[in-house]
>>> print(open('entry.txt').read())   # compact mmCIF, C-alpha atoms
# COMPACT_ATOMS: atom_id res chain seq x y z
CA MET A 1 34.59 11.06 7.13
CA ILE A 2 33.20 12.70 4.00
CA VAL A 3 29.51 12.19 3.35
CA PRO A 4 27.85 13.22 0.10
CA TYR A 5 24.55 15.05 0.29
CA ARG A 6 21.63 12.85 -0.68
CA ASP A 7 19.17 13.51 -3.44
CA LEU A 8 15.48 13.62 -2.72
CA PRO A 9 12.74 12.96 -5.25
CA HIS A 10 11.09 16.35 -5.19
CA ASP A 11 9.30 18.20 -7.90
CA ASP A 12 10.75 21.43 -6.55
CA GLY A 13 14.20 20.58 -7.80
CA GLY A 14 15.09 17.97 -5.23
CA ARG A 15 17.75 19.90 -3.43
CA PRO A 16 20.28 17.44 -2.03
CA ARG A 17 20.43 17.38 1.77
CA PRO A 18 23.08 16.61 4.37
CA LEU A 19 21.65 13.37 5.69
CA LEU A 20 23.48 10.92 7.92
CA ASP A 21 22.59 7.39 8.94
CA ILE A 22 23.09 6.64 12.63
CA ALA A 23 22.73 3.60 14.85
CA VAL A 24 20.89 4.08 18.14
CA ALA A 25 21.82 2.29 21.37
CA ASP A 26 22.57 -1.39 20.73
CA VAL A 27 20.49 -1.69 17.58
CA ASP A 28 22.84 -2.74 14.82
CA ASP A 29 20.43 -3.95 12.16
CA VAL A 30 18.45 -0.73 11.74
CA ARG A 31 19.99 2.65 11.11
CA VAL A 32 18.03 5.86 11.37
CA ARG A 33 18.40 8.59 8.80
CA CYS A 34 18.93 12.08 10.23
CA LEU A 35 19.27 15.58 8.87
CA VAL A 36 22.47 17.26 10.00
CA ASP A 37 20.79 20.47 11.11
CA SER A 38 23.09 23.19 12.42
CA GLY A 39 20.03 25.30 13.20
CA ALA A 40 18.56 22.75 15.59
CA GLN A 41 19.39 23.07 19.27
CA ASN A 42 18.51 19.52 20.30
CA THR A 43 19.08 16.17 18.71
CA LEU A 44 15.62 14.76 18.18
CA LEU A 45 14.46 11.37 16.99
CA PRO A 46 10.99 10.03 16.34
CA GLY A 47 9.41 8.12 19.21
CA TRP A 48 9.34 4.82 17.31
CA VAL A 49 13.13 4.75 17.48
CA ALA A 50 12.97 4.55 21.28
CA ASP A 51 10.62 1.57 20.98
CA LEU A 52 12.96 -0.01 18.46
CA ALA A 53 15.93 0.38 20.81
CA GLY A 54 14.02 -0.79 23.88
CA ILE A 55 14.35 2.61 25.52
CA ASP A 56 11.68 3.28 28.12
CA CYS A 57 10.51 6.88 27.86
CA ARG A 58 7.86 6.72 30.59
CA ASP A 59 9.84 8.17 33.48
CA ALA A 60 12.11 10.41 31.45
CA PRO A 61 12.03 14.19 31.85
CA THR A 62 10.11 15.80 29.03
CA ARG A 63 10.22 19.09 27.19
CA SER A 64 7.59 20.68 25.00
CA LEU A 65 8.99 21.77 21.67
CA SER A 66 7.83 23.14 18.38
CA VAL A 67 9.09 21.32 15.32
CA ALA A 68 8.02 22.32 11.82
CA ALA A 69 5.46 24.65 13.40
CA ALA A 70 3.84 21.77 15.24
CA ALA A 71 3.93 21.00 18.95
CA THR A 72 5.63 17.86 20.17
CA THR A 73 6.88 16.41 23.44
CA ALA A 74 10.43 15.19 23.71
CA ALA A 75 11.41 12.56 26.28
CA LEU A 76 15.03 13.36 27.07
CA ILE A 77 17.18 10.30 27.59
CA PRO A 78 20.96 9.79 27.51
CA THR A 79 21.54 7.49 24.56
CA ARG A 80 24.52 6.10 22.71
CA LEU A 81 24.66 6.95 19.02
CA THR A 82 27.05 5.54 16.44
CA VAL A 83 28.18 6.86 13.08
CA ALA A 84 30.41 4.51 11.15
CA ASP A 85 32.84 3.35 13.86
CA HIS A 86 32.49 6.37 16.15
CA SER A 87 30.14 6.27 19.14
CA TRP A 88 29.18 8.88 21.69
CA GLU A 89 26.55 9.23 24.39
CA ALA A 90 24.38 12.29 24.69
CA GLU A 91 20.90 13.41 25.63
CA ILE A 92 18.46 12.61 22.86
CA GLY A 93 14.89 13.83 22.64
CA PHE A 94 12.51 11.09 21.54
CA CYS A 95 9.49 12.91 20.18
CA ASP A 96 5.86 12.11 19.77
CA PRO A 97 4.32 13.22 17.49
CA TRP A 98 7.05 13.69 14.95
CA PRO A 99 6.53 15.36 11.58
CA TYR A 100 9.52 14.11 9.63
CA GLY A 101 10.59 10.83 8.16
CA TRP A 102 14.03 11.37 9.68
CA GLY A 103 15.63 12.65 12.86
CA LEU A 104 17.45 15.92 13.48
CA LEU A 105 21.06 16.08 14.63
CA GLY A 106 21.45 19.37 16.48
CA GLN A 107 23.96 21.44 18.38
CA LEU A 108 23.75 19.90 21.85
CA SER A 109 24.15 16.23 21.15
CA PHE A 110 25.78 16.09 17.75
CA PHE A 111 27.73 19.21 16.78
CA ARG A 112 29.17 19.21 20.31
CA TYR A 113 30.91 15.96 19.41
CA PHE A 114 31.98 16.61 15.82
CA THR A 115 33.60 19.30 13.80
CA VAL A 116 31.29 19.52 10.82
CA SER A 117 32.32 21.20 7.59
CA PHE A 118 29.58 21.76 5.06
CA ARG A 119 30.79 22.07 1.49
CA ALA A 120 27.54 22.82 -0.25
CA ALA A 121 29.25 23.71 -3.50
CA ASP A 122 30.59 20.16 -3.62
CA LEU A 123 27.40 18.64 -2.20
CA GLU A 124 29.19 17.02 0.70
CA PHE A 125 30.02 17.48 4.36
CA GLU A 126 32.89 16.27 6.47
CA LEU A 127 32.73 14.93 10.01
CA GLU A 128 35.70 14.98 12.35
CA PRO A 129 35.12 13.67 15.88
CA VAL A 130 36.06 16.15 18.60
CA THR A 131 38.83 14.54 20.60
CA SER A 132 38.51 16.37 23.93
CA MET B 1 -5.76 -14.44 -20.21
CA THR B 2 -2.47 -16.29 -20.50
CA THR B 3 -2.19 -20.04 -20.51
CA ALA B 4 0.89 -21.38 -18.75
CA GLN B 5 1.99 -24.92 -18.21
CA VAL B 6 4.07 -25.42 -15.11
CA ALA B 7 5.12 -28.71 -13.55
CA GLY B 8 2.69 -30.57 -15.79
CA GLU B 9 -0.29 -28.45 -14.75
CA VAL B 10 -2.06 -25.90 -16.91
CA PHE B 11 -2.97 -22.51 -15.45
CA GLU B 12 -5.10 -19.74 -16.88
CA LEU B 13 -3.62 -16.52 -15.54
CA ASN B 14 -4.47 -12.89 -16.03
CA PRO B 15 -2.63 -9.80 -14.81
CA VAL B 16 -5.45 -8.55 -12.59
CA MET B 17 -5.64 -11.82 -10.71
CA VAL B 18 -1.87 -11.97 -10.38
CA GLU B 19 -1.71 -8.42 -9.08
CA ARG B 20 -4.51 -8.97 -6.57
CA THR B 21 -2.90 -12.14 -5.24
CA VAL B 22 0.68 -10.97 -5.11
CA LEU B 23 0.06 -7.52 -3.67
CA ALA B 24 -1.46 -9.17 -0.61
CA LEU B 25 2.01 -10.48 0.19
CA ASP B 26 5.07 -8.75 1.60
CA PRO B 27 7.89 -9.07 -0.91
CA GLU B 28 10.72 -11.35 0.09
CA PRO B 29 14.30 -10.13 -0.30
CA ILE B 30 15.47 -9.87 -3.89
CA ARG B 31 18.49 -11.98 -4.72
CA GLU B 32 19.10 -11.59 -8.43
CA HIS B 33 15.86 -11.37 -10.42
CA TYR B 34 12.67 -9.50 -9.65
CA VAL B 35 9.29 -8.71 -11.14
CA VAL B 36 7.53 -5.40 -10.62
CA ILE B 37 3.90 -5.85 -9.64
CA GLY B 38 1.85 -2.91 -8.50
CA GLY B 39 5.01 -0.85 -8.11
CA ARG B 40 6.66 -3.33 -5.75
CA ARG B 41 9.49 -5.71 -6.47
CA TYR B 42 9.00 -9.42 -5.86
CA PRO B 43 11.17 -12.47 -6.48
CA PRO B 44 9.61 -14.09 -9.58
CA LYS B 45 9.35 -17.48 -7.88
CA GLN B 46 7.49 -15.97 -4.92
CA ALA B 47 4.99 -14.36 -7.28
CA LEU B 48 4.41 -17.44 -9.43
CA ALA B 49 4.15 -19.74 -6.42
CA ALA B 50 1.52 -17.45 -4.95
CA VAL B 51 -0.68 -17.44 -8.04
CA THR B 52 -0.32 -21.13 -8.91
CA GLY B 53 -0.17 -22.63 -5.44
CA LEU B 54 2.80 -24.69 -6.58
CA ASP B 55 5.88 -25.33 -4.53
CA ARG B 56 8.83 -23.21 -5.64
CA SER B 57 10.87 -26.31 -6.31
CA ASP B 58 8.36 -27.25 -9.02
CA PHE B 59 9.62 -24.57 -11.43
CA THR B 60 12.67 -22.49 -12.22
CA THR B 61 13.25 -18.77 -11.95
CA HIS B 62 13.56 -18.74 -15.74
CA GLN B 63 10.05 -20.22 -16.08
CA ALA B 64 8.62 -17.76 -13.58
CA ARG B 65 10.24 -14.81 -15.34
CA SER B 66 8.98 -15.97 -18.71
CA ILE B 67 5.38 -16.40 -17.57
CA LEU B 68 5.27 -13.12 -15.68
CA ARG B 69 6.76 -11.29 -18.65
CA ARG B 70 4.08 -12.76 -20.92
CA LEU B 71 1.51 -11.44 -18.48
CA GLY B 72 2.91 -7.96 -19.07
CA PHE B 73 4.91 -7.42 -15.90
CA GLY B 74 8.37 -5.92 -15.95
CA VAL B 75 10.99 -8.52 -15.17
CA HIS B 76 14.44 -7.30 -14.26
CA ARG B 77 17.79 -8.30 -12.91
CA ARG B 78 19.07 -6.63 -9.78
CA ARG B 79 22.07 -4.42 -10.41
CA PRO B 80 24.69 -3.96 -7.75
CA VAL B 81 24.60 -0.40 -6.51
CA SER B 82 26.86 1.41 -4.14
CA ALA B 83 26.01 3.83 -1.38
CA PRO B 84 26.91 7.48 -1.73
CA SER B 85 29.09 7.45 1.37
CA GLY B 86 32.60 8.66 0.89
CA GLY B 87 34.99 7.02 -1.52
CA PRO B 88 35.89 8.38 -4.90
CA ASP B 89 33.97 11.32 -6.20
CA VAL B 90 31.34 10.20 -8.68
CA PRO B 91 29.20 13.24 -9.45
CA GLU B 92 26.62 11.42 -11.54
CA ARG B 93 26.00 9.07 -8.64
CA ARG B 94 25.12 12.03 -6.51
CA ARG B 95 22.88 13.90 -8.86
CA GLY B 96 19.58 12.37 -9.73
CA SER B 97 20.27 8.65 -9.40
CA GLU B 98 19.15 8.34 -5.80
CA ALA B 99 16.16 10.61 -6.38
CA ALA B 100 15.09 8.40 -9.28
CA VAL B 101 15.39 5.29 -7.12
CA LEU B 102 13.32 6.89 -4.35
CA ARG B 103 10.62 8.48 -6.51
CA PRO B 104 8.24 5.46 -6.44
CA TYR B 105 8.40 5.50 -2.63
CA VAL B 106 7.48 9.10 -1.93
CA GLY B 107 5.53 9.29 1.32
CA ARG B 108 6.41 5.68 2.22
CA TRP B 109 8.60 4.24 4.94
CA VAL B 110 11.46 2.36 3.35
CA ALA B 111 14.36 0.10 4.22
CA GLN B 112 17.25 1.43 2.15
CA ASP B 113 20.61 -0.24 1.70
CA GLY B 114 23.01 1.79 -0.39
CA LEU B 115 20.97 3.04 -3.30
CA GLU B 116 18.58 0.10 -3.15
CA VAL B 117 15.16 0.13 -1.52
CA LEU B 118 14.67 -3.31 0.00
CA PHE B 119 11.13 -2.88 1.27
CA ASP B 120 8.47 -0.25 1.74
CA ALA B 121 5.47 -0.03 4.04
CA GLU B 122 3.01 2.28 5.72
CA SER B 123 4.88 2.43 9.03
CA PRO B 124 8.43 2.16 10.34
CA GLN B 125 7.36 -0.72 12.56
CA ASP B 126 6.28 -2.74 9.51
CA VAL B 127 9.61 -2.06 7.84
CA VAL B 128 11.59 -3.10 10.93
CA ARG B 129 9.53 -6.27 11.28
CA TRP B 130 10.27 -7.18 7.67
CA LEU B 131 14.00 -6.55 8.10
CA ARG B 132 14.18 -8.73 11.19
CA ARG B 133 12.05 -11.48 9.68
CA ASN B 134 14.51 -11.66 6.80
CA GLY B 135 17.68 -11.12 8.82
CA LEU B 136 18.65 -7.97 6.95
CA SER B 137 19.96 -4.60 8.02
CA ALA B 138 19.18 -1.22 6.46
CA THR B 139 18.44 2.42 7.07
CA VAL B 140 14.79 3.07 7.89
CA TRP B 141 13.21 6.39 7.00
CA ARG B 142 10.23 7.93 5.24
CA VAL B 143 10.82 9.43 1.82
CA PRO B 144 9.39 12.95 2.11
CA ALA B 145 6.39 13.66 -0.05
CA THR B 146 6.69 17.42 0.05
CA ALA B 147 9.30 20.09 0.57
CA VAL B 148 7.77 20.80 3.98
CA GLU B 149 8.15 17.16 4.99
CA ALA B 150 11.75 17.43 3.91
CA GLY B 151 12.21 20.22 6.41
CA SER B 152 12.43 22.97 3.85
CA MET B 153 9.86 25.46 5.06
CA GLN B 154 11.37 28.14 2.83
CA SER B 155 10.44 26.29 -0.30
CA ALA B 156 6.87 25.64 0.79
CA PRO B 157 4.32 27.55 -1.28
>>> encode(input="entry.txt", output="structure tokens")
Amino acid sequence: MIVPYRDLPHDDGGRPRPLLDIAVADVDDVRVRCLVDSGAQNTLLPGWVADLAGIDCRDAPTRSLSVAAAATTAALIPTRLTVADHSWEAEIGFCDPWPYGWGLLGQLSFFRYFTVSFRAADLEFELEPVTS
Amino acid sequence: MTTAQVAGEVFELNPVMVERTVLALDPEPIREHYVVIGGRRYPPKQALAAVTGLDRSDFTTHQARSILRRLGFGVHRRRPVSAPSGGPDVPERRRGSEAAVLRPYVGRWVAQDGLEVLFDAESPQDVVRWLRRNGLSATVWRVPATAVEAGSMQSAP
């Protein structure tokens, strides 16, 4: 699956970003935009996404993290994610507060399941699900 | 002040009154035509019905478009747009077009389908409520207002 980078309306030149729309749990009418972030360890989503998906974070184990130089708490919950027609289940950190308007797809719960090839010169990336 | 006759009734309308009335409403989904009021897109019949109190079956889209245009609002036809997701390489689609579409929504939560913004609001919950009320599906996210919000700490001043 080849995904073009997406343009952002920035005055600083609007560098296109590798953004990917994912479906969370059984929610099929709302997709959540995420940055494909090879520098992120965890896959983190804003807390409102857990509410949207009916995921109860109250008894989940939590981890304190720093995101964008701000402290947040991630409730870690195994969750099924879907991209196009490919689904996988992995531990997702639902964070509150959350500084971004999108989620972060990181090493543990995203790159573990895909071979990702960034082709920045062509402003696109390619996803290949890991078969084993 | 613009005088408009609709369904046998005469209305005295002005842009300020129209804007105040219509902006209190959530826009309904756009089918083909829309009017831009206060930076948001509304179906022309929704806007005219709101300001006149008439039933939408009392007038046509053409009448609504004509009256709203005379009041100085931009009236447009929705253009089919495609999402930048795979498919044939279309460089111009990638560079600038999506940024231009998103520019009015900087800092806002949006429901985006392909290159089209269906709805915008202050919170993701409001956007999700609107999608479900109208039986639509979309990607929900907030258009970053700054480079820092976009996760680019290196480009922050």
>>> atom_distance(input="entry.txt", atom1="atom CA of Asp26 of chain A", atom2="atom CA of Gly54 of chain A")
9.1 Å
>>> residues_around(input="entry.txt", residues="Phe111 of chain A", least_positions_apart="3", cutoff="12 Å", atoms="all atoms listed in the file", output="tab-separated table (two decimals) with C-alpha atoms, keeping the file's coordinate frame")
chain	number	residue	atom	x	y	z
A	36	VAL	CA	22.47	17.26	10.00
A	37	ASP	CA	20.79	20.47	11.11
A	38	SER	CA	23.09	23.19	12.42
A	39	GLY	CA	20.03	25.30	13.20
A	40	ALA	CA	18.56	22.75	15.59
A	41	GLN	CA	19.39	23.07	19.27
A	42	ASN	CA	18.51	19.52	20.30
A	43	THR	CA	19.08	16.17	18.71
A	88	TRP	CA	29.18	8.88	21.69
A	90	ALA	CA	24.38	12.29	24.69
A	104	LEU	CA	17.45	15.92	13.48
A	105	LEU	CA	21.06	16.08	14.63
A	106	GLY	CA	21.45	19.37	16.48
A	107	GLN	CA	23.96	21.44	18.38
A	108	LEU	CA	23.75	19.90	21.85
A	114	PHE	CA	31.98	16.61	15.82
A	115	THR	CA	33.60	19.30	13.80
A	116	VAL	CA	31.29	19.52	10.82
A	117	SER	CA	32.32	21.20	7.59
A	126	GLU	CA	32.89	16.27	6.47
A	127	LEU	CA	32.73	14.93	10.01
A	128	GLU	CA	35.70	14.98	12.35
A	129	PRO	CA	35.12	13.67	15.88
A	130	VAL	CA	36.06	16.15	18.60
>>> residues_around(input="entry.txt", residues="Pro18 of chain A", least_positions_apart="4", cutoff="9 Å", atoms="all atoms listed in the file", output="PyMOL selection string")
chain A and resi 3-6+34-37+118+120+123-125
>>> interface_residues(input="entry.txt", of="chain B", to="chain A", cutoff="6 Å", atoms="only C-alpha atoms", output="PyMOL selection string")
chain B and resi 85-86+98-99+103+137-142+149
>>> atom_distance(input="entry.txt", atom1="atom CA of Arg70 of chain B", atom2="atom CA of Phe119 of chain B")
25.3 Å
>>> closest_residue(input="entry.txt", among="A:Thr131, A:Thr73, A:Gly93, A:Ala84", to="Leu45 of chain A", atoms="all atoms listed in the file")
A:Gly93
>>> atom_distance(input="entry.txt", atom1="atom CA of Asn14 of chain B", atom2="atom CA of Val75 of chain B")
16.1 Å
>>> closest_residue(input="entry.txt", among="B:Gly96, B:Pro43, B:Pro124, B:Pro104", to="Leu25 of chain B", atoms="all atoms listed in the file")
B:Pro43
>>> residues_around(input="entry.txt", residues="Ala49 of chain B", least_positions_apart="2", cutoff="12 Å", atoms="only C-alpha atoms", output="list in words")
Val6, Ala7, Phe11, Val18, Thr21, Val22, Leu25, Tyr42, Pro43, Pro44, Lys45, Gln46, Ala47, Val51, Thr52, Gly53, Leu54, Asp55, Arg56, Ser57, Asp58, Phe59, Thr60, Thr61, Gln63, Ala64, Arg65, Ile67 and Leu68 of chain B
>>> closest_residue(input="entry.txt", among="B:Pro27, B:Pro15, B:Gly8, B:Gly38", to="Leu131 of chain B", atoms="all atoms listed in the file")
B:Pro27
>>> closest_residue(input="entry.txt", among="B:Glu9, B:Glu122, B:Asp113, B:Glu32", to="Arg78 of chain B", atoms="all atoms listed in the file")
B:Glu32
>>> closest_residue(input="entry.txt", among="B:Ile37, B:Leu71, B:Val10, B:Ala121", to="Gly107 of chain B", atoms="only C-alpha atoms")
B:Ala121
>>> closest_residue(input="entry.txt", among="A:Leu19, A:Ala50, A:Ala121, A:Cys95", to="Leu65 of chain A", atoms="only C-alpha atoms")
A:Cys95
>>> build_atoms(input="entry.txt", residues="segment 29-44 of chain B", atoms="N, CA, C and O atoms", output="PDB file, in the coordinates of the input")
ATOM      1  N   PRO B  29      13.086 -10.790   0.206  1.00  0.00           N
ATOM      2  CA  PRO B  29      14.300 -10.130  -0.300  1.00  0.00           C
ATOM      3  C   PRO B  29      14.624 -10.558  -1.727  1.00  0.00           C
ATOM      4  O   PRO B  29      14.447 -11.722  -2.094  1.00  0.00           O
ATOM      5  N   ILE B  30      15.097  -9.606  -2.502  1.00  0.00           N
ATOM      6  CA  ILE B  30      15.470  -9.870  -3.890  1.00  0.00           C
ATOM      7  C   ILE B  30      16.908 -10.383  -3.914  1.00  0.00           C
ATOM      8  O   ILE B  30      17.801  -9.767  -3.323  1.00  0.00           O
ATOM      9  N   ARG B  31      17.125 -11.494  -4.574  1.00  0.00           N
ATOM     10  CA  ARG B  31      18.490 -11.980  -4.720  1.00  0.00           C
ATOM     11  C   ARG B  31      19.068 -11.496  -6.047  1.00  0.00           C
ATOM     12  O   ARG B  31      19.952 -10.663  -6.074  1.00  0.00           O
ATOM     13  N   GLU B  32      18.542 -11.999  -7.143  1.00  0.00           N
ATOM     14  CA  GLU B  32      19.100 -11.590  -8.430  1.00  0.00           C
ATOM     15  C   GLU B  32      18.014 -11.045  -9.368  1.00  0.00           C
ATOM     16  O   GLU B  32      18.171  -9.977  -9.946  1.00  0.00           O
ATOM     17  N   HIS B  33      16.908 -11.785  -9.487  1.00  0.00           N
ATOM     18  CA  HIS B  33      15.860 -11.370 -10.420  1.00  0.00           C
ATOM     19  C   HIS B  33      14.660 -10.843  -9.634  1.00  0.00           C
ATOM     20  O   HIS B  33      14.418 -11.263  -8.497  1.00  0.00           O
ATOM     21  N   TYR B  34      13.911  -9.948 -10.271  1.00  0.00           N
ATOM     22  CA  TYR B  34      12.670  -9.500  -9.650  1.00  0.00           C
ATOM     23  C   TYR B  34      11.649  -9.115 -10.716  1.00  0.00           C
ATOM     24  O   TYR B  34      11.993  -8.817 -11.858  1.00  0.00           O
ATOM     25  N   VAL B  35      10.385  -9.148 -10.293  1.00  0.00           N
ATOM     26  CA  VAL B  35       9.290  -8.710 -11.140  1.00  0.00           C
ATOM     27  C   VAL B  35       8.598  -7.557 -10.434  1.00  0.00           C
ATOM     28  O   VAL B  35       8.454  -7.569  -9.208  1.00  0.00           O
ATOM     29  N   VAL B  36       8.209  -6.559 -11.201  1.00  0.00           N
ATOM     30  CA  VAL B  36       7.530  -5.400 -10.620  1.00  0.00           C
ATOM     31  C   VAL B  36       6.027  -5.600 -10.783  1.00  0.00           C
ATOM     32  O   VAL B  36       5.506  -5.690 -11.894  1.00  0.00           O
ATOM     33  N   ILE B  37       5.352  -5.677  -9.647  1.00  0.00           N
ATOM     34  CA  ILE B  37       3.900  -5.850  -9.640  1.00  0.00           C
ATOM     35  C   ILE B  37       3.310  -4.788  -8.729  1.00  0.00           C
ATOM     36  O   ILE B  37       3.650  -4.716  -7.545  1.00  0.00           O
ATOM     37  N   GLY B  38       2.464  -3.971  -9.286  1.00  0.00           N
ATOM     38  CA  GLY B  38       1.850  -2.910  -8.500  1.00  0.00           C
ATOM     39  C   GLY B  38       2.876  -1.971  -7.888  1.00  0.00           C
ATOM     40  O   GLY B  38       2.675  -1.458  -6.786  1.00  0.00           O
ATOM     41  N   GLY B  39       3.981  -1.763  -8.580  1.00  0.00           N
ATOM     42  CA  GLY B  39       5.010  -0.850  -8.110  1.00  0.00           C
ATOM     43  C   GLY B  39       5.945  -1.444  -7.071  1.00  0.00           C
ATOM     44  O   GLY B  39       6.846  -0.758  -6.587  1.00  0.00           O
ATOM     45  N   ARG B  40       5.756  -2.705  -6.719  1.00  0.00           N
ATOM     46  CA  ARG B  40       6.660  -3.330  -5.750  1.00  0.00           C
ATOM     47  C   ARG B  40       7.450  -4.431  -6.438  1.00  0.00           C
ATOM     48  O   ARG B  40       7.000  -5.023  -7.421  1.00  0.00           O
ATOM     49  N   ARG B  41       8.598  -4.710  -5.887  1.00  0.00           N
ATOM     50  CA  ARG B  41       9.490  -5.710  -6.470  1.00  0.00           C
ATOM     51  C   ARG B  41       9.354  -7.029  -5.723  1.00  0.00           C
ATOM     52  O   ARG B  41       9.447  -7.065  -4.490  1.00  0.00           O
ATOM     53  N   TYR B  42       9.133  -8.081  -6.452  1.00  0.00           N
ATOM     54  CA  TYR B  42       9.000  -9.420  -5.860  1.00  0.00           C
ATOM     55  C   TYR B  42       9.971 -10.384  -6.541  1.00  0.00           C
ATOM     56  O   TYR B  42      10.209 -10.267  -7.758  1.00  0.00           O
ATOM     57  N   PRO B  43      10.467 -11.381  -5.806  1.00  0.00           N
ATOM     58  CA  PRO B  43      11.170 -12.470  -6.480  1.00  0.00           C
ATOM     59  C   PRO B  43      10.182 -13.190  -7.409  1.00  0.00           C
ATOM     60  O   PRO B  43       9.056 -13.496  -6.992  1.00  0.00           O
ATOM     61  N   PRO B  44      10.550 -13.456  -8.649  1.00  0.00           N
ATOM     62  CA  PRO B  44       9.610 -14.090  -9.580  1.00  0.00           C
ATOM     63  C   PRO B  44       9.042 -15.402  -9.055  1.00  0.00           C
ATOM     64  O   PRO B  44       7.854 -15.702  -9.251  1.00  0.00           O
TER      65      PRO B  44
END
